[in-house]
$ cat input.pdb   # PDB, N, CA and C atoms
ATOM      1  N   MET R 191      18.744  85.233 121.680
ATOM      2  CA  MET R 191      19.486  85.550 120.478
ATOM      3  C   MET R 191      19.718  87.054 120.361
ATOM      4  N   ASN R 192      18.723  87.850 120.757
ATOM      5  CA  ASN R 192      18.876  89.304 120.718
ATOM      6  C   ASN R 192      19.980  89.777 121.647
ATOM      7  N   GLU R 193      20.145  89.093 122.775
ATOM      8  CA  GLU R 193      21.193  89.472 123.723
ATOM      9  C   GLU R 193      22.570  89.262 123.106
ATOM     10  N   ILE R 194      22.733  88.164 122.378
ATOM     11  CA  ILE R 194      24.017  87.885 121.740
ATOM     12  C   ILE R 194      24.308  88.942 120.681
ATOM     13  N   ALA R 195      23.305  89.269 119.878
ATOM     14  CA  ALA R 195      23.490  90.283 118.840
ATOM     15  C   ALA R 195      23.821  91.636 119.464
ATOM     16  N   ALA R 196      23.162  91.964 120.552
ATOM     17  CA  ALA R 196      23.422  93.241 121.221
ATOM     18  C   ALA R 196      24.841  93.274 121.782
ATOM     19  N   LYS R 197      25.271  92.174 122.374
ATOM     20  CA  LYS R 197      26.635  92.112 122.912
ATOM     21  C   LYS R 197      27.673  92.205 121.797
ATOM     22  N   LEU R 198      27.404  91.543 120.684
ATOM     23  CA  LEU R 198      28.324  91.604 119.550
ATOM     24  C   LEU R 198      28.402  93.030 119.009
ATOM     25  N   ALA R 199      27.268  93.665 118.853
ATOM     26  CA  ALA R 199      27.242  95.047 118.368
ATOM     27  C   ALA R 199      27.992  95.964 119.328
ATOM     28  N   ASP R 200      27.809  95.759 120.602
ATOM     29  CA  ASP R 200      28.506  96.571 121.603
ATOM     30  C   ASP R 200      30.018  96.351 121.525
ATOM     31  N   ALA R 201      30.432  95.092 121.392
ATOM     32  CA  ALA R 201      31.862  94.783 121.309
ATOM     33  C   ALA R 201      32.477  95.389 120.048
ATOM     34  N   LEU R 202      31.768  95.284 118.938
ATOM     35  CA  LEU R 202      32.280  95.866 117.698
ATOM     36  C   LEU R 202      32.355  97.383 117.781
ATOM     37  N   SER R 203      31.381  97.983 118.420
ATOM     38  CA  SER R 203      31.383  99.425 118.602
ATOM     39  C   SER R 203      32.566  99.857 119.467
ATOM     40  N   MET R 204      32.801  99.144 120.544
ATOM     41  CA  MET R 204      33.933  99.467 121.418
ATOM     42  C   MET R 204      35.257  99.269 120.679
ATOM     43  N   PHE R 205      35.344  98.203 119.877
ATOM     44  CA  PHE R 205      36.551  97.965 119.094
ATOM     45  C   PHE R 205      36.789  99.119 118.139
ATOM     46  N   TRP R 206      35.750  99.541 117.429
ATOM     47  CA  TRP R 206      35.872 100.621 116.460
ATOM     48  C   TRP R 206      36.314 101.917 117.149
ATOM     49  N   LEU R 207      35.740 102.200 118.300
ATOM     50  CA  LEU R 207      36.078 103.419 119.020
ATOM     51  C   LEU R 207      37.507 103.383 119.572
ATOM     52  N   SER R 208      38.050 102.191 119.778
ATOM     53  CA  SER R 208      39.404 102.084 120.312
ATOM     54  C   SER R 208      40.473 102.334 119.244
ATOM     55  N   LEU R 209      40.075 102.343 117.969
ATOM     56  CA  LEU R 209      41.030 102.537 116.886
ATOM     57  C   LEU R 209      41.304 104.020 116.660
ATOM     58  N   ASN R 210      42.523 104.318 116.207
ATOM     59  CA  ASN R 210      42.801 105.705 115.817
ATOM     60  C   ASN R 210      42.378 105.893 114.363
ATOM     61  N   GLU R 211      42.512 107.109 113.869
ATOM     62  CA  GLU R 211      42.020 107.437 112.527
ATOM     63  C   GLU R 211      42.708 106.614 111.444
ATOM     64  N   GLN R 212      44.020 106.424 111.568
ATOM     65  CA  GLN R 212      44.754 105.651 110.560
ATOM     66  C   GLN R 212      44.305 104.187 110.550
ATOM     67  N   GLU R 213      44.096 103.602 111.718
ATOM     68  CA  GLU R 213      43.645 102.205 111.797
ATOM     69  C   GLU R 213      42.246 102.052 111.214
ATOM     70  N   ARG R 214      41.386 103.006 111.486
ATOM     71  CA  ARG R 214      40.032 102.961 110.916
ATOM     72  C   ARG R 214      40.085 103.031 109.390
ATOM     73  N   ARG R 215      40.938 103.924 108.884
ATOM     74  CA  ARG R 215      41.072 104.082 107.439
ATOM     75  C   ARG R 215      41.583 102.782 106.814
ATOM     76  N   LEU R 216      42.562 102.152 107.454
ATOM     77  CA  LEU R 216      43.097 100.888 106.941
ATOM     78  C   LEU R 216      42.031  99.797 106.905
ATOM     79  N   ILE R 217      41.220  99.726 107.945
ATOM     80  CA  ILE R 217      40.157  98.722 107.983
ATOM     81  C   ILE R 217      39.125  99.000 106.899
ATOM     82  N   LEU R 218      38.774 100.260 106.699
ATOM     83  CA  LEU R 218      37.803 100.597 105.655
ATOM     84  C   LEU R 218      38.349 100.284 104.270
ATOM     85  N   ILE R 219      39.605 100.619 104.017
ATOM     86  CA  ILE R 219      40.212 100.334 102.714
ATOM     87  C   ILE R 219      40.275  98.823 102.494
ATOM     88  N   GLY R 220      40.680  98.084 103.518
ATOM     89  CA  GLY R 220      40.727  96.622 103.404
ATOM     90  C   GLY R 220      39.353  96.026 103.145
ATOM     91  N   GLY R 221      38.348  96.531 103.827
ATOM     92  CA  GLY R 221      36.985  96.042 103.612
ATOM     93  C   GLY R 221      36.489  96.335 102.211
ATOM     94  N   CYS R 222      36.810  97.520 101.712
ATOM     95  CA  CYS R 222      36.422  97.866 100.337
ATOM     96  C   CYS R 222      37.138  96.973  99.336
ATOM     97  N   TYR R 223      38.404  96.678  99.593
ATOM     98  CA  TYR R 223      39.164  95.801  98.704
ATOM     99  C   TYR R 223      38.547  94.400  98.665
ATOM    100  N   VAL R 224      38.218  93.870  99.831
ATOM    101  CA  VAL R 224      37.610  92.541  99.895
ATOM    102  C   VAL R 224      36.258  92.534  99.177
ATOM    103  N   ALA R 225      35.451  93.554  99.405
ATOM    104  CA  ALA R 225      34.140  93.631  98.752
ATOM    105  C   ALA R 225      34.289  93.712  97.235
ATOM    106  N   ALA R 226      35.223  94.535  96.769
ATOM    107  CA  ALA R 226      35.431  94.672  95.326
ATOM    108  C   ALA R 226      35.909  93.362  94.723
ATOM    109  N   THR R 227      36.806  92.684  95.429
ATOM    110  CA  THR R 227      37.303  91.400  94.946
ATOM    111  C   THR R 227      36.168  90.392  94.836
ATOM    112  N   LEU R 228      35.320  90.337  95.841
ATOM    113  CA  LEU R 228      34.200  89.394  95.816
ATOM    114  C   LEU R 228      33.214  89.723  94.706
ATOM    115  N   LEU R 229      33.032  90.995  94.425
ATOM    116  CA  LEU R 229      32.114  91.390  93.358
ATOM    117  C   LEU R 229      32.690  91.105  91.970
ATOM    118  N   LEU R 230      34.007  91.221  91.832
ATOM    119  CA  LEU R 230      34.629  91.045  90.525
ATOM    120  C   LEU R 230      34.933  89.588  90.185
ATOM    121  N   LEU R 231      34.955  88.709  91.166
ATOM    122  CA  LEU R 231      35.261  87.303  90.897
ATOM    123  C   LEU R 231      34.330  86.669  89.865
ATOM    124  N   PRO R 232      33.013  86.789  89.998
ATOM    125  CA  PRO R 232      32.132  86.181  88.993
ATOM    126  C   PRO R 232      32.308  86.801  87.603
ATOM    127  N   ILE R 233      32.574  88.088  87.552
ATOM    128  CA  ILE R 233      32.767  88.754  86.257
ATOM    129  C   ILE R 233      34.020  88.212  85.588
ATOM    130  N   GLU R 234      35.090  88.085  86.346
ATOM    131  CA  GLU R 234      36.336  87.566  85.805
ATOM    132  C   GLU R 234      36.172  86.109  85.359
ATOM    133  N   ARG R 235      35.447  85.327  86.142
ATOM    134  CA  ARG R 235      35.212  83.922  85.785
ATOM    135  C   ARG R 235      34.461  83.824  84.466
ATOM    136  N   ARG R 236      33.428  84.648  84.283
ATOM    137  CA  ARG R 236      32.669  84.638  83.023
ATOM    138  C   ARG R 236      33.532  85.051  81.853
ATOM    139  N   ARG R 237      34.410  86.040  82.061
ATOM    140  CA  ARG R 237      35.291  86.491  80.994
ATOM    141  C   ARG R 237      36.221  85.364  80.554
ATOM    142  N   ARG R 238      36.796  84.657  81.525
ATOM    143  CA  ARG R 238      37.689  83.538  81.183
ATOM    144  C   ARG R 238      36.937  82.420  80.483
ATOM    145  N   GLU R 239      35.725  82.108  80.927
ATOM    146  CA  GLU R 239      34.921  81.072  80.279
ATOM    147  C   GLU R 239      34.598  81.460  78.839
ATOM    148  N   ARG R 240      34.255  82.730  78.632
ATOM    149  CA  ARG R 240      33.946  83.212  77.287
ATOM    150  C   ARG R 240      35.184  83.115  76.387
ATOM    151  N   GLU R 241      36.348  83.481  76.914
ATOM    152  CA  GLU R 241      37.586  83.373  76.134
ATOM    153  C   GLU R 241      37.881  81.922  75.765
ATOM    154  N   GLN R 242      37.664  81.005  76.701
ATOM    155  CA  GLN R 242      37.906  79.587  76.425
ATOM    156  C   GLN R 242      36.945  79.067  75.370
ATOM    157  N   GLU R 243      35.682  79.492  75.438
ATOM    158  CA  GLU R 243      34.698  79.066  74.439
ATOM    159  C   GLU R 243      35.076  79.592  73.056
ATOM    160  N   GLU R 244      35.502  80.843  72.992
ATOM    161  CA  GLU R 244      35.909  81.420  71.709
ATOM    162  C   GLU R 244      37.122  80.688  71.149
ATOM    163  N   LEU R 245      38.069  80.363  72.010
ATOM    164  CA  LEU R 245      39.256  79.627  71.570
ATOM    165  C   LEU R 245      38.868  78.242  71.051
ATOM    166  N   ALA R 246      37.976  77.575  71.762
ATOM    167  CA  ALA R 246      37.530  76.250  71.332
ATOM    168  C   ALA R 246      36.826  76.335  69.976
ATOM    169  N   GLU R 247      36.025  77.369  69.758
ATOM    170  CA  GLU R 247      35.351  77.540  68.461
ATOM    171  C   GLU R 247      36.360  77.773  67.340
ATOM    172  N   ARG R 248      37.379  78.597  67.602
ATOM    173  CA  ARG R 248      38.396  78.847  66.578
ATOM    174  C   ARG R 248      39.175  77.581  66.238
ATOM    175  N   VAL R 249      39.514  76.807  67.263
ATOM    176  CA  VAL R 249      40.238  75.545  67.027
ATOM    177  C   VAL R 249      39.366  74.591  66.220
ATOM    178  N   ALA R 250      38.077  74.501  66.573
ATOM    179  CA  ALA R 250      37.173  73.614  65.839
ATOM    180  C   ALA R 250      37.044  74.049  64.382
ATOM    181  N   ARG R 251      36.949  75.361  64.135
ATOM    182  CA  ARG R 251      36.867  75.849  62.755
ATOM    183  C   ARG R 251      38.142  75.523  61.975
ATOM    184  N   ARG R 252      39.298  75.701  62.592
ATOM    185  CA  ARG R 252      40.562  75.400  61.911
ATOM    186  C   ARG R 252      40.691  73.915  61.618
ATOM    187  N   LEU R 253      40.254  73.078  62.566
ATOM    188  CA  LEU R 253      40.298  71.634  62.324
ATOM    189  C   LEU R 253      39.360  71.245  61.186
ATOM    190  N   GLU R 254      38.213  71.878  61.145
ATOM    191  CA  GLU R 254      37.257  71.604  60.085
ATOM    192  C   GLU R 254      37.811  72.023  58.729
ATOM    193  N   VAL R 255      38.431  73.175  58.656
ATOM    194  CA  VAL R 255      39.039  73.661  57.411
ATOM    195  C   VAL R 255      40.187  72.751  57.008
ATOM    196  N   ALA R 256      40.987  72.345  57.984
ATOM    197  CA  ALA R 256      42.124  71.457  57.665
ATOM    198  C   ALA R 256      41.623  70.092  57.179
ATOM    199  N   ARG R 257      40.531  69.614  57.711
ATOM    200  CA  ARG R 257      40.014  68.297  57.347
ATOM    201  C   ARG R 257      39.368  68.330  55.969
ATOM    202  N   TYR R 258      38.543  69.359  55.711
ATOM    203  CA  TYR R 258      37.775  69.382  54.464
ATOM    204  C   TYR R 258      38.346  70.353  53.430
ATOM    205  N   GLY R 259      39.353  71.081  53.816
ATOM    206  CA  GLY R 259      40.022  71.982  52.881
ATOM    207  C   GLY R 259      39.192  73.142  52.590
TER     208      GLY R 259
END
$ encode --input "input.pdb" --output "structure tokens"
Amino acid sequence: MNEIAAKLADALSMFWLSLNEQERRLILIGGCYVAATLLLLPIERRRREREQEELAERVARRLEVARYG
């Protein structure tokens, strides 16, 4: 297993060294974008769930007021 990891690390190192500065920058920016997206997904999901819960509470309150005046 160590041999496979070493070969993979070597291949990735050679790939990185074969890139010019602009290509490296593009890969780094893309990686940062993907990481940020993955980090923000749960936060965005919670925000939407909270908004839906608040909307459901407001609808329930309005229905209650409409029913009982």
$ atom_distance --input "input.pdb" --atom1 "atom C of Arg237 (chain R)" --atom2 "CA of Val255 (chain R)"
26.1 Å
$ atom_distance --input "input.pdb" --atom1 "atom C of Arg257 (chain R)" --atom2 "atom C of Glu241 (chain R)"
24.1 Å
$ axis_aligned_box --input "input.pdb" --around "region 205-224 of chain R" --padding-each-side "6 Å" --output "JSON"
{"center_x": 40.0, "center_y": 100.0, "center_z": 109.5, "size_x": 21.4, "size_y": 26.9, "size_z": 33.6}
$ atom_distance --input "input.pdb" --atom1 "atom C of Leu218 (chain R)" --atom2 "atom N of Glu234 (chain R)"
21.9 Å
$ decode --input "input.pdb" --residues "chain R" --atoms "C-alpha atoms" --output "CSV table (one decimal), in the first residue's frame"
chain,number,residue,atom,x,y,z
R,191,MET,CA,0.0,0.0,0.0
R,192,ASN,CA,2.9,2.4,0.8
R,193,GLU,CA,4.3,1.8,-2.7
R,194,ILE,CA,1.0,2.8,-4.3
R,195,ALA,CA,0.8,6.0,-2.2
R,196,ALA,CA,4.4,6.8,-3.0
R,197,LYS,CA,3.8,6.3,-6.8
R,198,LEU,CA,0.7,8.5,-6.6
R,199,ALA,CA,2.6,11.2,-4.7
R,200,ASP,CA,5.3,11.1,-7.3
R,201,ALA,CA,2.9,11.3,-10.2
R,202,LEU,CA,1.1,14.2,-8.6
R,203,SER,CA,4.3,16.0,-8.0
R,204,MET,CA,5.4,15.5,-11.6
R,205,PHE,CA,2.0,16.7,-12.8
R,206,TRP,CA,2.3,19.8,-10.6
R,207,LEU,CA,5.8,20.6,-11.8
R,208,SER,CA,4.7,20.2,-15.5
R,209,LEU,CA,2.2,23.1,-15.1
R,210,ASN,CA,3.1,26.7,-15.8
R,211,GLU,CA,2.3,29.5,-13.3
R,212,GLN,CA,-1.0,30.3,-14.8
R,213,GLU,CA,-2.2,26.7,-14.8
R,214,ARG,CA,-1.1,26.3,-11.2
R,215,ARG,CA,-3.0,29.4,-10.2
R,216,LEU,CA,-6.1,28.2,-12.0
R,217,ILE,CA,-6.0,24.8,-10.2
R,218,LEU,CA,-5.5,26.5,-6.8
R,219,ILE,CA,-8.4,28.9,-7.4
R,220,GLY,CA,-10.6,26.1,-8.6
R,221,GLY,CA,-9.7,24.0,-5.5
R,222,CYS,CA,-10.5,26.9,-3.2
R,223,TYR,CA,-13.8,27.4,-4.9
R,224,VAL,CA,-14.7,23.7,-4.5
R,225,ALA,CA,-13.6,23.8,-0.9
R,226,ALA,CA,-15.6,26.9,-0.1
R,227,THR,CA,-18.7,25.5,-1.9
R,228,LEU,CA,-18.5,22.3,0.2
R,229,LEU,CA,-18.1,24.3,3.4
R,230,LEU,CA,-21.0,26.6,2.6
R,231,LEU,CA,-23.5,23.9,1.6
R,232,PRO,CA,-24.5,22.9,5.1
R,233,ILE,CA,-24.8,26.5,6.2
R,234,GLU,CA,-27.0,27.4,3.2
R,235,ARG,CA,-29.2,24.2,3.9
R,236,ARG,CA,-29.7,25.3,7.5
R,237,ARG,CA,-30.6,28.8,6.5
R,238,ARG,CA,-33.3,27.5,4.0
R,239,GLU,CA,-34.7,25.1,6.6
R,240,ARG,CA,-34.9,27.9,9.2
R,241,GLU,CA,-36.7,30.1,6.7
R,242,GLN,CA,-39.2,27.3,5.9
R,243,GLU,CA,-39.8,26.7,9.6
R,244,GLU,CA,-40.4,30.4,10.2
R,245,LEU,CA,-42.8,30.6,7.2
R,246,ALA,CA,-44.7,27.5,8.5
R,247,GLU,CA,-45.0,29.2,11.9
R,248,ARG,CA,-46.4,32.4,10.4
R,249,VAL,CA,-48.9,30.5,8.3
R,250,ALA,CA,-50.0,28.5,11.3
R,251,ARG,CA,-50.5,31.7,13.3
R,252,ARG,CA,-52.5,33.3,10.5
R,253,LEU,CA,-54.7,30.2,10.2
R,254,GLU,CA,-55.2,30.2,13.9
R,255,VAL,CA,-56.2,33.9,14.0
R,256,ALA,CA,-58.5,33.4,11.0
R,257,ARG,CA,-60.2,30.4,12.7
R,258,TYR,CA,-60.6,31.9,16.1
R,259,GLY,CA,-60.6,35.6,15.3
